[in-house]
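**Student:** Just passing along the structure, written as C-alpha cells.
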Amino acid sequence: MWESKARPEGAATLTVNGKTVELPVIKGSVGPDVLDIRNLYRDTGMFTYDPGFTSTGSCESQITYIDGDAGILLYRGYPIDQLAEKSSFIEVCYLLLHGELPTQEELKTFDWTIRRHTMLHDQFDQFFRGFRRDAHPMAVMVGTVGALSAFYHDSTDINDPKARTVASHRMIAKMPTIAARAYKYSAGQPFISPRNELDYASNFLRMCFAVPAEDYETNHVLARAMDRIFILHADHEQNASTSTVRLAGSSGANPFACIAAGIASLWGPAHGGANEAALNMLEEIGTVDRIPEFIRRAKDKNDPFRLMGFGHRVYKNYDPRAKVMQKTCHEVLDVLGVRDEPLLKVAMELEKIALEDEYFIEKKLYPNIDFYSGITLRAMGFPTEMFTVLFALARTVGWIAQWSEMVEDPSQRIGRPRQLFTGATERDYVPLSSR
C-alpha cells in the first residue's frame with residue numbers, strides 16, 4: 001500500500017496583487033525541495049507557467065532518482081552501474097516493482113512467473129498481419145500493445161490489486177514476444193515462439209534471429225549485453241513517456257492502453273529515437289576521412305548540424321549509463337570481430353575525438369548511452385528501426401512500476417494542466433454571407 005514519505009519543511013511566502021500567501025515547502029529524501037502550489041489558484045486566482053514542466057514536480061515517487069549535475073542514477077536507491085554489473089534484468093524488474101531486491105526464493109518465483117507468461121493468444125498473431133509489410137516496427141508496437149486489453153480483459157480492472165499484478169507480469173513477459181514479432185514481420189520471416197527454459201535476454205534474441213531452418217545459438221556475451229541494455233533503459237524518472245503513462249493512467253485507463261500511450265511518446269526522435277538518430281548521423285558521415293568536416297560543422301554555431309549521441313539534456317556532467325554501455329559495446333565488438341565495418345570504424349574514431357578534443361571536454365559533450373547502444377545493437381544485427389522498439393521493451397517495467405505507484409497514491413488526481421491563453425477574446429458569430 002502506498003505511503004507518502006514527503007516531509008513538511010516550513011513555508012515560502014508569495015506576495016501578488018497586494019495579497020500574501022504561504023506556499024508549503026516539502027522535502028524529499030534527496031534532491032531539491034519543492035513548493036506546494038496545489039492551492040495557488042484558489043488563494044490567488046493565478047496559475048504557474050512552466051512550458052515542458054521542467055520546474056514542476058507532477059507527483060511524489062519512490063522509484064528512480066536522478067542528479068544530472070552529479071551524474072547519478074538510482075533505482076530504488078541502488079546505483080545503476082552496480083545493478084548493470086552485478087544484477088540481471090529480471091532482478092531489476094522485481095526491484096522496480098516491489099521496492100526491494102528479491103531473496104533467492106522470491107527471484108526464483110518471479111522468474112518462473114515471467115517465463116510462463118511469454119506466449120501470446122493464438123489469435124493475436126493474426127493481428128500483426130493487418131499491418132503493411134513496410135510498417136515501422138514502432139507503429140506495430142503502438143497498435144499491438146494497445147490491443148492487449150482486448151485479449152486479456154480479465155486483468156484490466158485497475159482497482160483490483162491482483163488484476164494489476166497479473167497485468168504487470170503479462171506485459172513484462174509478453175513485450176519481448178511482441179517486439180520480436182514486430183521485427184520478424186518487417187523482415188518477412190516466420191514468428192518464433194518463446195522457450196521457457198531460456199533466460200529473458202536469450203529468449204528474446206532467439207525469437208529475433210532464429211529461423212525454422214536453423215536455430216539460434218545464443219552467445220553469452222551478446223545475451224549479457226542485451227540484458228545490460230534492458231537494465232540501463234528500465235526507468236528514467238518522469239521523462240516524456242513516463243509522464244504520458246501516468247497522465248493516461250490518471251483517467252483510469254487500463255494498463256495496456258497506458259503503456260501503448262507511453263510507447264507512442266517514446267517514438268519521438270527527441271526521446272526514444274535518439275539512438276536511431278545517432279546511427280543515421282554515422283551513416284551520413286560515412287567514412288573516417290569525413291569526420292573532421294563534421295567536427296568543424298558541429299563547432300560552428302551557424303551550422304544546423306548537431307552531433308547526435310553526445311551530451312544529455314539531464315546529465316550535465318556525464319551519463320552514468322554510458323560508462324557501462326561503453327564497456328559493453330567494446331565487449332560486443334570484440335566477440336563479433338566487426339570493428340572493421342566502415343560504420344563502426346567511424347563510430348570508434350568519433351568516440352576517440354570526442355574524448356580528447358578540448359571543445360567536447362569543455363562543453364561536456366561526452367558520448368552518451370544512445371551513442372554506444374546504437375553501435376552495439378547495430379553490431380548485434382538489429383536494424384536501426386528496431387532500436388526504439390528495444391527501448392520500449394526495456395522501459396515497460398519502469399512504466400508499469402510508475403503506473404502502479406500512481407494508481408496506489410491517494411493524492412493523485414486526473415491530470416489537467418492549465419494554460420496561458422493568448423487567443424481571441426469573446427466575439428459574436430458573423431454570418432457566412434457577411435464575411
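FYI, nothing fancy with the C-alpha cells labels: chains A, B, ... in order, residues from 1 per chain, ligands from 1 as they appear.
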I'd like the neighbourhood of Phe128 of chain A as a PDB file with all heavy atoms, in the first residue's frame, where a residue qualifies if any of its atoms comes within 9 Å (using only C-alpha atoms), though same-chain residues fewer than 5 positions away should be ignored.
**Tutor:**
ATOM      1  N   VAL A 140       3.765  -0.742 -35.277  1.00  0.00           N
ATOM      2  CA  VAL A 140       3.215  -2.053 -34.940  1.00  0.00           C
ATOM      3  C   VAL A 140       3.114  -2.205 -33.419  1.00  0.00           C
ATOM      4  O   VAL A 140       2.112  -2.708 -32.892  1.00  0.00           O
ATOM      5  CB  VAL A 140       4.073  -3.176 -35.540  1.00  0.00           C
ATOM      6  CG1 VAL A 140       3.561  -4.546 -35.107  1.00  0.00           C
ATOM      7  CG2 VAL A 140       4.084  -3.070 -37.069  1.00  0.00           C
ATOM      8  N   THR A 144      -0.309  -3.042 -31.411  1.00  0.00           N
ATOM      9  CA  THR A 144      -0.449  -4.360 -30.800  1.00  0.00           C
ATOM     10  C   THR A 144      -0.510  -4.306 -29.272  1.00  0.00           C
ATOM     11  O   THR A 144      -1.306  -5.018 -28.657  1.00  0.00           O
ATOM     12  CB  THR A 144       0.697  -5.288 -31.241  1.00  0.00           C
ATOM     13  OG1 THR A 144       1.953  -4.648 -30.999  1.00  0.00           O
ATOM     14  CG2 THR A 144       0.580  -5.636 -32.709  1.00  0.00           C
ATOM     15  N   ARG A 181       8.174 -10.282 -32.753  1.00  0.00           N
ATOM     16  CA  ARG A 181       7.239 -10.468 -33.852  1.00  0.00           C
ATOM     17  C   ARG A 181       7.182  -9.231 -34.749  1.00  0.00           C
ATOM     18  O   ARG A 181       7.052  -9.354 -35.978  1.00  0.00           O
ATOM     19  CB  ARG A 181       5.844 -10.810 -33.324  1.00  0.00           C
ATOM     20  CG  ARG A 181       5.674 -12.310 -33.064  1.00  0.00           C
ATOM     21  CD  ARG A 181       4.517 -12.603 -32.115  1.00  0.00           C
ATOM     22  NE  ARG A 181       4.105 -13.987 -32.134  1.00  0.00           N
ATOM     23  CZ  ARG A 181       4.809 -15.028 -31.710  1.00  0.00           C
ATOM     24  NH1 ARG A 181       6.027 -14.832 -31.233  1.00  0.00           N
ATOM     25  NH2 ARG A 181       4.323 -16.257 -31.755  1.00  0.00           N
ATOM     26  N   ALA A 182       7.274  -8.051 -34.154  1.00  0.00           N
ATOM     27  CA  ALA A 182       7.308  -6.829 -34.964  1.00  0.00           C
ATOM     28  C   ALA A 182       8.513  -6.846 -35.892  1.00  0.00           C
ATOM     29  O   ALA A 182       8.434  -6.438 -37.066  1.00  0.00           O
ATOM     30  CB  ALA A 182       7.350  -5.598 -34.054  1.00  0.00           C
ATOM     31  N   TYR A 185       8.036  -9.709 -38.590  1.00  0.00           N
ATOM     32  CA  TYR A 185       7.037  -9.320 -39.592  1.00  0.00           C
ATOM     33  C   TYR A 185       7.640  -8.367 -40.611  1.00  0.00           C
ATOM     34  O   TYR A 185       7.426  -8.495 -41.812  1.00  0.00           O
ATOM     35  CB  TYR A 185       5.830  -8.687 -38.907  1.00  0.00           C
ATOM     36  CG  TYR A 185       4.692  -8.399 -39.854  1.00  0.00           C
ATOM     37  CD1 TYR A 185       3.928  -9.444 -40.378  1.00  0.00           C
ATOM     38  CD2 TYR A 185       4.388  -7.095 -40.235  1.00  0.00           C
ATOM     39  CE1 TYR A 185       2.882  -9.184 -41.261  1.00  0.00           C
ATOM     40  CE2 TYR A 185       3.352  -6.844 -41.116  1.00  0.00           C
ATOM     41  CZ  TYR A 185       2.596  -7.889 -41.622  1.00  0.00           C
ATOM     42  OH  TYR A 185       1.566  -7.645 -42.506  1.00  0.00           O
TER      43      TYR A 185
END
**Student:** Go through segment 76-96 of chain A and flag each residue having an atom no more than 10 Å from segment 323-330 of chain A; for those, report the closest pair of atoms plus their distance in Å to one decimal, using only C-alpha atoms, ordered by chain and rising number, as CSV.
**Tutor:**
residue,atom,partner,partner_atom,distance
A:Ile80,CA,A:Val324,CA,8.9
A:Asp81,CA,A:Val324,CA,6.4
A:Gln82,CA,A:Val324,CA,9.5
A:Ala84,CA,A:Val324,CA,7.2
A:Glu85,CA,A:Val324,CA,7.8
**Student:** For those residues, write N, CA and C atoms to a file as an mmCIF file, in the first residue's frame.
**Tutor:**
data_model
loop_
_atom_site.group_PDB
_atom_site.id
_atom_site.type_symbol
_atom_site.label_atom_id
_atom_site.label_comp_id
_atom_site.auth_asym_id
_atom_site.auth_seq_id
_atom_site.Cartn_x
_atom_site.Cartn_y
_atom_site.Cartn_z
ATOM 1 N N ILE A 80 22.997 2.714 -10.718
ATOM 2 C CA ILE A 80 22.749 1.991 -11.957
ATOM 3 C C ILE A 80 23.943 1.143 -12.375
ATOM 4 N N ASP A 81 25.160 1.626 -12.124
ATOM 5 C CA ASP A 81 26.327 0.843 -12.558
ATOM 6 C C ASP A 81 26.448 -0.456 -11.764
ATOM 7 N N GLN A 82 26.105 -0.420 -10.470
ATOM 8 C CA GLN A 82 26.151 -1.641 -9.663
ATOM 9 C C GLN A 82 25.120 -2.656 -10.149
ATOM 10 N N ALA A 84 23.786 -2.850 -13.175
ATOM 11 C CA ALA A 84 24.136 -3.337 -14.509
ATOM 12 C C ALA A 84 25.258 -4.354 -14.467
ATOM 13 N N GLU A 85 26.191 -4.199 -13.540
ATOM 14 C CA GLU A 85 27.329 -5.105 -13.446
ATOM 15 C C GLU A 85 27.018 -6.374 -12.667
#
**Student:** Within segment 170-206 of chain A, find each residue whose DSSP state, derived from the backbone, is alpha helix (DSSP H), and express the selection as a PyMOL selection string.
**Tutor:** chain A and resi 170-187+200-206
**Student:** Do you know which residues are at most 8 Å from Met386 of chain A counting only C-alpha atoms, after dropping those on the same chain fewer than 5 positions away, and could you put them as a ChimeraX atom specification?
**Tutor:** /A:137-138,183
**Student:** Smallest atom-to-atom distance to Ala135 of chain A: which of A:Thr44, A:Val211, A:Glu341, A:Gly188, using only C-alpha atoms?
**Tutor:**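 Under the stated criterion, the closest residue is A:Gly188.
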**Student:** Tell me which protein, DNA and RNA residues are within 7 Å of Leu97 of chain A, counting only C-alpha atoms, leaving out same-chain ones fewer than 3 positions away, and put them as number ranges by chain.
**Tutor:** A: 93-94, 401
**Student:** Limited to N, CA, C and O atoms, could you put the picked residues into a file as an mmCIF file, in the first residue's frame?
**Tutor:**
data_model
loop_
_atom_site.group_PDB
_atom_site.id
_atom_site.type_symbol
_atom_site.label_atom_id
_atom_site.label_comp_id
_atom_site.auth_asym_id
_atom_site.auth_seq_id
_atom_site.Cartn_x
_atom_site.Cartn_y
_atom_site.Cartn_z
ATOM 1 N N CYS A 93 13.676 -5.872 -12.535
ATOM 2 C CA CYS A 93 12.225 -5.766 -12.670
ATOM 3 C C CYS A 93 11.545 -5.932 -11.308
ATOM 4 O O CYS A 93 10.651 -5.159 -10.933
ATOM 5 N N TYR A 94 11.973 -6.944 -10.574
ATOM 6 C CA TYR A 94 11.404 -7.176 -9.242
ATOM 7 C C TYR A 94 11.663 -5.975 -8.336
ATOM 8 O O TYR A 94 10.774 -5.518 -7.602
ATOM 9 N N ALA A 401 5.841 0.108 -13.160
ATOM 10 C CA ALA A 401 6.101 0.478 -11.766
ATOM 11 C C ALA A 401 5.563 1.870 -11.464
ATOM 12 O O ALA A 401 4.945 2.102 -10.421
#
**Student:** With only C-alpha atoms as the counted atoms, please give the residues lying no more than 7 Å from segment 244-254 of chain A, apart from itself and same-chain residues fewer than 2 positions off, as a list in words.
**Tutor:**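 With the cut-off at 7 Å, the set is Thr156, Ile158, Ala240, Ser241, Thr242, Phe256, Ala257, Cys258, Ile259, Ala261, Gly262, Ser265, Trp399, Trp403, Met406, Arg413, Ile414 and Gly415 of chain A.
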**Student:** Can you write out the residues you just picked, keeping C-alpha atoms, as a PDB file, in the first residue's frame?
**Tutor:**
ATOM      1  CA  THR A 156      -7.864  -4.560 -16.812  1.00  0.00           C
ATOM      2  CA  ILE A 158      -7.222  -1.158 -12.072  1.00  0.00           C
ATOM      3  CA  ALA A 240       8.064  12.365 -21.513  1.00  0.00           C
ATOM      4  CA  SER A 241       6.927   8.762 -21.989  1.00  0.00           C
ATOM      5  CA  THR A 242       6.660   8.011 -18.266  1.00  0.00           C
ATOM      6  CA  PHE A 256      -2.315  -1.865 -21.595  1.00  0.00           C
ATOM      7  CA  ALA A 257      -3.677   1.389 -23.035  1.00  0.00           C
ATOM      8  CA  CYS A 258      -1.389   3.412 -20.766  1.00  0.00           C
ATOM      9  CA  ILE A 259       1.718   1.512 -21.875  1.00  0.00           C
ATOM     10  CA  ALA A 261       0.476   5.679 -24.904  1.00  0.00           C
ATOM     11  CA  GLY A 262       3.980   5.590 -23.425  1.00  0.00           C
ATOM     12  CA  SER A 265       5.527   9.141 -26.776  1.00  0.00           C
ATOM     13  CA  TRP A 399       6.283   2.404 -16.914  1.00  0.00           C
ATOM     14  CA  TRP A 403       1.722   3.403 -13.240  1.00  0.00           C
ATOM     15  CA  MET A 406       0.306   6.353  -9.362  1.00  0.00           C
ATOM     16  CA  ARG A 413      -5.965  13.205  -9.392  1.00  0.00           C
ATOM     17  CA  ILE A 414      -6.760  13.155 -13.075  1.00  0.00           C
ATOM     18  CA  GLY A 415      -4.096  15.144 -14.910  1.00  0.00           C
TER      19      GLY A 415
END
